[in-house]
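Note sheet for the following structure.
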Amino acid sequence: MSYEFILVNPQVAPFVGLIQLNRPKELNALNLQLMGEIKEALLQLDEDENIRAIIITGNDRAFAAGADIKQMAGRNAIDMLKIDQFSTWDSIRKTKKPIIAAVSGFALGGGCELCMLCDMIVASETAQFGQPEINIGVMPGAGGTQRLTRAVGKARAMEMVLTGNFITAEEAREAGLINKVVPVQLYLDEAIKMASKIAEKSPIAVQMAKESVLKAFDTGLQEGLFFERKNFYMLFATEDQKEGMNAFIEKRKPEFKNK
Ligand code: CAA
């Protein structure tokens, strides 16, 4: 499949797929087509047996500077309702394989929300995270008031959402929003390293573990624990569980087959 606003490398490393946002002049502003392309590419990578982890990145200057303001400016509420742009985001959220955002430069508005939709975030020292929608007379619409608040807490989320202030990569790491901060020349390598490490594990166990962690955002504790337990028991139906445990006992490296 060919795309206009993204580049896809289905094997940036063994079992690791890469999606690169590619609207550099517009700082990767997320227009509807670009989001649709990310959704399509993720669907394909999610189905591909040779992919076990996925990275989404931008370029050194911008991961993404938000939803495309020029595309939205003239719309009214009914247009927005009919277009229902965030249903695309809902499908992205359903990706079964782990997604790592490799972020450098601006991750603002929808850009910050897109990286929060990923499972982990690796950033360059130059990354800046923000929800500046308040500066243009609106507010976050793709999870910025919810995922950000859960990640960094009320005080910091309120400040970012109500003042539009950005936070640095280091501040984002301290606040628990992101996993790692590395020099700008290393952020993609670091994300590949992390994805490759995940790709060595049993894919079915990774999928169920991801699903279980995400459940923590949707349920109360008891229901979440019940869901976790079912997934844990279910993994004893896999060959990978036998292989993983036997390899430990036999003091060798496991060879997982996704079975
Ligand atoms: N939408 C459309 N175009 C954008 C854009 C956006 N979100 N962000 C940047 N651009 C465009 C600029 O218009 C400019 O295009 P032209 O050269 O044609 O004028 C180009 O990208 C480069 O941007 P700047 O010249 O502004 O670059 P800068 O370095 O001076 O500033 C910036 C960088 C601080 C990121 C600034 O571009 C900016 O504030 N961008 C908007 C950030 C924002 O408000 N994001 C939230 C969008 S709303 C949203 O995301 C809703 C949601 O919840 C989904």
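Here's how to read the names in the structure tokens: chain A, B, ... by the order shown, residue numbers from 1 in each chain, ligand numbers from 1 in the order shown.
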Find the residues of chain A that sit at most 10 Å from ligand 1; for each, write down the nearest two atoms and how far apart they are in Å, to one decimal. Count only C-alpha atoms and all ligand atoms. Sort by chain, then by number going up, and give it as CSV.
```
residue,atom,partner,partner_atom_place_in_ligand_line,distance
A:Arg23,CA,ligand 1,21 (O),9.1
A:Pro24,CA,ligand 1,21 (O),8.0
A:Lys25,CA,ligand 1,20 (C),5.7
A:Glu26,CA,ligand 1,21 (O),3.5
A:Leu27,CA,ligand 1,21 (O),4.9
A:Asn28,CA,ligand 1,8 (N),7.5
A:Ala29,CA,ligand 1,6 (C),4.7
A:Leu30,CA,ligand 1,1 (N),7.1
A:Asn31,CA,ligand 1,1 (N),7.9
A:Arg61,CA,ligand 1,29 (O),8.7
A:Ala62,CA,ligand 1,35 (C),7.9
A:Ala64,CA,ligand 1,7 (N),7.7
A:Ala65,CA,ligand 1,8 (N),4.7
A:Gly66,CA,ligand 1,50 (O),3.7
A:Ala67,CA,ligand 1,50 (O),3.7
A:Asp68,CA,ligand 1,1 (N),3.4
A:Ile69,CA,ligand 1,1 (N),3.9
A:Lys70,CA,ligand 1,2 (C),5.1
A:Gln71,CA,ligand 1,2 (C),7.3
A:Met72,CA,ligand 1,48 (S),8.5
A:Ala73,CA,ligand 1,1 (N),9.5
A:Gln85,CA,ligand 1,54 (C),8.8
A:Phe86,CA,ligand 1,54 (C),8.1
A:Trp89,CA,ligand 1,54 (C),9.8
A:Gly105,CA,ligand 1,35 (C),8.8
A:Phe106,CA,ligand 1,35 (C),6.0
A:Ala107,CA,ligand 1,35 (C),8.2
A:Leu108,CA,ligand 1,45 (N),5.2
A:Gly109,CA,ligand 1,50 (O),3.6
A:Gly110,CA,ligand 1,50 (O),3.6
A:Gly111,CA,ligand 1,50 (O),6.6
A:Cys112,CA,ligand 1,50 (O),8.1
A:Glu113,CA,ligand 1,53 (O),7.0
A:Leu114,CA,ligand 1,54 (C),8.6
A:Gln128,CA,ligand 1,35 (C),9.4
A:Gly130,CA,ligand 1,45 (N),8.2
A:Gln131,CA,ligand 1,46 (C),6.6
A:Pro132,CA,ligand 1,44 (O),5.0
A:Glu133,CA,ligand 1,46 (C),4.8
A:Ile134,CA,ligand 1,44 (O),8.0
A:Asn135,CA,ligand 1,44 (O),6.7
A:Ile136,CA,ligand 1,44 (O),6.4
A:Gly137,CA,ligand 1,48 (S),9.4
A:Val138,CA,ligand 1,48 (S),7.6
A:Met139,CA,ligand 1,53 (O),6.4
A:Pro140,CA,ligand 1,53 (O),3.6
A:Gly141,CA,ligand 1,53 (O),3.9
A:Ala142,CA,ligand 1,53 (O),4.9
A:Gly143,CA,ligand 1,53 (O),7.3
A:Gly144,CA,ligand 1,53 (O),6.6
A:Thr145,CA,ligand 1,53 (O),9.2
A:Gly164,CA,ligand 1,44 (O),8.6
A:Phe166,CA,ligand 1,34 (C),9.6
```
C-alpha atoms of the current selection, written as an mmCIF file, in the first residue's frame:
```cif
data_model
loop_
_atom_site.group_PDB
_atom_site.id
_atom_site.type_symbol
_atom_site.label_atom_id
_atom_site.label_comp_id
_atom_site.auth_asym_id
_atom_site.auth_seq_id
_atom_site.Cartn_x
_atom_site.Cartn_y
_atom_site.Cartn_z
ATOM 1 C CA ARG A 23 4.669 15.994 6.662
ATOM 2 C CA PRO A 24 7.833 17.769 7.737
ATOM 3 C CA LYS A 25 6.967 21.266 6.435
ATOM 4 C CA GLU A 26 3.779 21.282 8.533
ATOM 5 C CA LEU A 27 5.593 19.819 11.562
ATOM 6 C CA ASN A 28 3.667 16.585 10.970
ATOM 7 C CA ALA A 29 0.323 18.277 11.704
ATOM 8 C CA LEU A 30 -2.191 15.453 11.917
ATOM 9 C CA ASN A 31 -4.726 15.919 9.140
ATOM 10 C CA ARG A 61 12.162 18.760 14.786
ATOM 11 C CA ALA A 62 8.669 17.418 15.370
ATOM 12 C CA ALA A 64 3.686 16.096 15.572
ATOM 13 C CA ALA A 65 2.552 19.678 16.330
ATOM 14 C CA GLY A 66 -1.063 18.630 16.786
ATOM 15 C CA ALA A 67 -4.218 18.209 14.786
ATOM 16 C CA ASP A 68 -4.165 20.188 11.538
ATOM 17 C CA ILE A 69 -5.497 23.600 12.601
ATOM 18 C CA LYS A 70 -5.868 24.770 8.985
ATOM 19 C CA GLN A 71 -8.072 21.779 8.194
ATOM 20 C CA MET A 72 -10.243 22.331 11.288
ATOM 21 C CA ALA A 73 -10.475 26.127 11.404
ATOM 22 C CA GLN A 85 -12.228 12.079 13.491
ATOM 23 C CA PHE A 86 -11.529 10.398 16.804
ATOM 24 C CA TRP A 89 -7.989 7.080 17.160
ATOM 25 C CA GLY A 105 10.961 18.034 19.050
ATOM 26 C CA PHE A 106 7.332 19.049 19.306
ATOM 27 C CA ALA A 107 4.723 16.607 20.640
ATOM 28 C CA LEU A 108 1.839 19.032 21.012
ATOM 29 C CA GLY A 109 -1.928 18.755 21.150
ATOM 30 C CA GLY A 110 -2.903 15.737 19.065
ATOM 31 C CA GLY A 111 0.841 14.964 18.795
ATOM 32 C CA CYS A 112 1.104 14.580 22.569
ATOM 33 C CA GLU A 113 -2.147 12.630 22.533
ATOM 34 C CA LEU A 114 -0.867 10.330 19.781
ATOM 35 C CA GLN A 128 8.661 19.112 24.249
ATOM 36 C CA GLY A 130 2.205 20.124 25.559
ATOM 37 C CA GLN A 131 -1.536 20.531 25.184
ATOM 38 C CA PRO A 132 -1.715 24.074 23.786
ATOM 39 C CA GLU A 133 -5.276 23.821 22.409
ATOM 40 C CA ILE A 134 -6.345 26.445 24.975
ATOM 41 C CA ASN A 135 -4.307 29.013 22.996
ATOM 42 C CA ILE A 136 -6.554 28.517 19.970
ATOM 43 C CA GLY A 137 -9.857 28.647 21.818
ATOM 44 C CA VAL A 138 -10.478 24.953 22.261
ATOM 45 C CA MET A 139 -9.309 22.097 24.491
ATOM 46 C CA PRO A 140 -7.766 18.657 23.975
ATOM 47 C CA GLY A 141 -10.110 16.243 22.203
ATOM 48 C CA ALA A 142 -8.115 13.028 21.777
ATOM 49 C CA GLY A 143 -7.380 12.052 25.346
ATOM 50 C CA GLY A 144 -5.345 15.019 26.575
ATOM 51 C CA THR A 145 -7.508 15.685 29.616
ATOM 52 C CA GLY A 164 -0.758 25.700 27.327
ATOM 53 C CA PHE A 166 5.026 22.844 27.431
#
```
If I take CA of Ala216 (chain A) and CA of Met194 (chain A), how far is one from the other in Å, to one decimal?
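Straight-line distance from CA of Ala216 (chain A) to CA of Met194 (chain A) works out to 22.4 Å.
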